Amino acid sequence: MMYPDHKTQRYQKQIFLKELGEQGQQLLSRGSVLVVGAGGLGCPALQYLAVAGVGRIGIVDFDVVDESNLHRQVLYTMEDIGKLKAKVAEIRIKALNPEVEVEIFCEKIGPENALSILSRFDLVLDGSDNFPTRYLINDACVLLNKPLIYGSVFRFEGQLSVFNLPDQGVKTNYRDLFPEPPDPSEVVGCNEAGVLGVLPGIIGTMQATEAIKIITGAGKPLANRLLCYNALNNFVYELEISPLESSGLQIPQTAEDFQKMNYEWFCNRLVSEYKDIDGAAFDQLRSSQTTQIIDVRNLHETPRVTEFEHLRIPLSELGENLHQIDPARPLVIFCQTGVRSIMAAHLITEKIGVRTVYNLKGGIIKWKTQR
Amino acid sequence: MKVTILPFGKLADIFSQQEWALEGVATAGEVRLKLEMTFPALKGMRYLIAVDKKIVDDNCVLGEDSIVALLPPFSGG
């Protein structure tokens, strides 16, 4: 790989900054960033990453340019309508900076290709426009141990964070923010809700800023923090993110597990399957007020459970009492030894779309003996 | 406790104002439940809760005059 001669004029003004310097510029030229989505967020991010001198940039987008994109996707012109975004973006950013190496992926990112594509880059920038992709990229970055620069927009508001980058030994990711995707009926993208054109321009540029900071070591990247910006009133709100126990339960631990994931189903399912959990996981779940717990044993059965609050609905009466279950909240089912609870789980997941259903393996007997 | 609710994104439509005062709540979970009673549209909606700029779970105990932000996820890009 040829390192560009930074004695040229191009980067002079940023090399002059002591936080960057020649060293920072060299780091940029050796760095690589994958931008997933060459849309509202991706376009400004790609522009600024390219002109900053990032050595290698990847672009993932299978979509074509549409006229309704042009008010915010600033790499594209009227002549580009109908053309593949990734190909046009590549031409545009190479014109901005011929020193940049560009790799394009005109394909939909999925469990079958995400790991091989993402592993080629140091950093990933999420410029996608749907929840399944966001969860997928998140999990892939955790698995591959890559920082993920998250950005999203809605009408006049944006969110920004850096996931999977340790700060004082702590890392957080998208599932620590939003463990559960919204109900499909709630989801509104830019096409339905509308979006102010400049907004993804601002957030996408901020994402590029985070990438530059991470690569060069300048400043403080937005790790373990979420920045919320409202363009209408210039309100900026920054929150602290902490790791959630539940994230670990949901993120695939191996490449094999990852490739079996179905993120479309995860985000769109109205009928869920259930997951077996052990006593330790159960203890984590029951510490949250939102977790519902159901005992499906008959009312006379012992041992009595007084250690935590729960509903008692015997299996034989479950069918008429499904209305007692809130489909939006995680549900744990237990019985004596973990047999009837499986039957209950099947019944519940068939009849009502409870988002997350857990079955206590070994039942309450095992749980009590392990305490 | 008396707290101020700060809704973001679509949630701001439900409250139809930038801030909302709420009384008689002790935890983040109680905020959720009490708001759902007043605004049934909130039931089943996904949003995180941050108390005084720290994202919390439902067990979080509130302080007097806490600012409780409600943030839904955005997918737009």
# chains A, B, ... in the order shown; residues from 1 in each chain; ligands from 1
>>> residues_around(residues="range 178-193 of chain A", least_positions_apart="2", cutoff="10 Å", atoms="only C-alpha atoms", output="VMD selection string")
(chain A and resid 40 68 to 69 129 to 132 134 to 135 153 to 155 173 to 176 195 to 196 244 246 to 247 250 266 to 270 328 to 330 355 to 356) or (chain B and resid 10 44 to 48 71 to 77)
>>> residues_around(residues="range 216-219 of chain A", least_positions_apart="6", cutoff="12 Å", atoms="only C-alpha atoms", output="ChimeraX atom specification")
/A:14-15,17-32,52-54,209-210
>>> select_by_dssp(residues="chain B", states="alpha helix (DSSP H)", output="list of chain:residue names")
B:Leu11, B:Ala12, B:Asp13, B:Ile14, B:Phe15, B:Ala28, B:Gly29, B:Glu30, B:Val31, B:Arg32, B:Leu33, B:Lys34, B:Leu35, B:Glu36, B:Met37, B:Thr38
>>> atom_distance(atom1="CA of Asp57 in chain B", atom2="CA of Gln289 in chain A")
8.3 Å
>>> interface_residues(of="chain B", to="chain A", cutoff="12 Å", atoms="only C-alpha atoms", output="ChimeraX atom specification")
/B:6-13,18,27-33,41-61,67-77
>>> select_by_dssp(residues="chain B", states="strand (DSSP E)", output="ChimeraX atom specification")
/B:2-7,20-23,48-51,54-56,67-71
>>> atom_distance(atom1="CA of Asp276 in chain A", atom2="CA of Ala114 in chain A")
27.3 Å
>>> atom_distance(atom1="CA of Glu64 in chain B", atom2="CA of Ser161 in chain A")
28.9 Å
>>> residues_around(residues="range 364-370 of chain A", least_positions_apart="3", cutoff="8 Å", atoms="only C-alpha atoms", output="CSV table (one decimal) with N, CA, C and O atoms, in the first residue's frame")
chain,number,residue,atom,x,y,z
A,279,GLY,N,-31.3,-21.1,36.3
A,279,GLY,CA,-31.6,-20.3,37.5
A,279,GLY,C,-30.9,-19.0,37.5
A,279,GLY,O,-31.5,-18.0,37.9
A,303,PRO,N,-43.4,-27.0,46.4
A,303,PRO,CA,-43.2,-25.9,47.5
A,303,PRO,C,-43.9,-24.6,47.1
A,303,PRO,O,-44.0,-24.3,45.9
A,334,PHE,N,-42.8,-21.0,34.8
A,334,PHE,CA,-42.2,-22.1,35.5
A,334,PHE,C,-43.3,-23.1,36.0
A,334,PHE,O,-44.4,-22.7,36.1
A,335,CYS,N,-42.9,-24.3,36.2
A,335,CYS,CA,-43.8,-25.3,36.9
A,335,CYS,C,-42.9,-26.1,37.8
A,335,CYS,O,-41.8,-25.6,38.3
A,336,GLN,N,-43.3,-27.3,38.1
A,336,GLN,CA,-42.5,-28.0,39.1
A,336,GLN,C,-41.1,-28.4,38.6
A,336,GLN,O,-40.1,-28.1,39.3
A,337,THR,N,-41.1,-29.1,37.5
A,337,THR,CA,-39.8,-29.6,37.0
A,337,THR,C,-39.5,-29.1,35.6
A,337,THR,O,-38.5,-29.6,35.0
A,338,GLY,N,-40.3,-28.3,35.0
A,338,GLY,CA,-39.9,-27.8,33.7
A,338,GLY,C,-40.6,-28.5,32.5
A,338,GLY,O,-40.2,-28.3,31.4
A,360,LEU,N,-38.3,-21.8,32.5
A,360,LEU,CA,-37.3,-22.1,33.5
A,360,LEU,C,-37.0,-23.6,33.5
A,360,LEU,O,-37.8,-24.4,33.9
A,361,LYS,N,-35.8,-23.9,33.0
A,361,LYS,CA,-35.4,-25.3,32.9
A,361,LYS,C,-35.3,-26.0,34.3
A,361,LYS,O,-34.7,-25.4,35.2
>>> residues_around(residues="Leu118 in chain A", least_positions_apart="3", cutoff="8 Å", atoms="only C-alpha atoms", output="MDAnalysis selection string")
chainID A and resid 34 114:115 121 124 140:141
>>> residues_around(residues="Lys87 in chain A", least_positions_apart="5", cutoff="12 Å", atoms="only C-alpha atoms", output="VMD selection string")
chain A and resid 38 58 to 65 75 to 76 80 82 92 to 94 102 to 107
>>> closest_residue(among="A:Lys220, A:Arg72, A:Lys213, A:Arg56", to="Asn97 in chain A", atoms="only C-alpha atoms")
A:Arg56
>>> decode(residues="range 50-67 of chain B", atoms="N, CA and C atoms", output="CSV table (one decimal), in the first residue's frame")
chain,number,residue,atom,x,y,z
B,50,ALA,N,-34.5,7.3,30.8
B,50,ALA,CA,-33.3,7.8,31.4
B,50,ALA,C,-33.7,8.8,32.5
B,51,VAL,N,-33.1,8.6,33.7
B,51,VAL,CA,-33.3,9.5,34.8
B,51,VAL,C,-32.1,10.3,35.1
B,52,ASP,N,-32.3,11.6,35.0
B,52,ASP,CA,-31.2,12.6,35.2
B,52,ASP,C,-30.0,12.1,34.3
B,53,LYS,N,-30.3,11.9,33.0
B,53,LYS,CA,-29.3,11.6,32.0
B,53,LYS,C,-28.6,10.3,32.1
B,54,LYS,N,-29.2,9.4,32.9
B,54,LYS,CA,-28.6,8.0,33.0
B,54,LYS,C,-29.6,7.0,32.6
B,55,ILE,N,-29.3,6.2,31.6
B,55,ILE,CA,-30.3,5.2,31.2
B,55,ILE,C,-30.5,4.1,32.3
B,56,VAL,N,-31.7,3.9,32.7
B,56,VAL,CA,-32.0,3.0,33.9
B,56,VAL,C,-33.0,1.9,33.5
B,57,ASP,N,-33.1,0.9,34.4
B,57,ASP,CA,-34.1,-0.1,34.3
B,57,ASP,C,-35.3,0.3,35.2
B,58,ASP,N,-36.3,-0.4,35.1
B,58,ASP,CA,-37.6,0.0,35.7
B,58,ASP,C,-37.5,0.0,37.3
B,59,ASN,N,-36.5,-0.6,37.8
B,59,ASN,CA,-36.3,-0.6,39.3
B,59,ASN,C,-35.8,0.7,39.8
B,60,CYS,N,-35.3,1.5,38.9
B,60,CYS,CA,-34.5,2.7,39.4
B,60,CYS,C,-35.4,3.6,40.3
B,61,VAL,N,-34.9,3.9,41.4
B,61,VAL,CA,-35.6,4.8,42.3
B,61,VAL,C,-35.4,6.2,41.9
B,62,LEU,N,-36.5,7.0,41.9
B,62,LEU,CA,-36.5,8.4,41.4
B,62,LEU,C,-36.2,9.3,42.6
B,63,GLY,N,-35.5,10.4,42.3
B,63,GLY,CA,-35.4,11.5,43.3
B,63,GLY,C,-36.4,12.6,43.1
B,64,GLU,N,-36.5,13.4,44.0
B,64,GLU,CA,-37.5,14.6,43.9
B,64,GLU,C,-36.9,15.5,42.7
B,65,ASP,N,-37.9,15.9,41.9
B,65,ASP,CA,-37.5,16.8,40.7
B,65,ASP,C,-36.6,16.1,39.7
B,66,SER,N,-36.5,14.8,39.7
B,66,SER,CA,-35.8,14.1,38.6
B,66,SER,C,-36.3,14.4,37.3
B,67,ILE,N,-35.5,14.4,36.3
B,67,ILE,CA,-35.9,14.6,34.9
B,67,ILE,C,-35.9,13.2,34.3
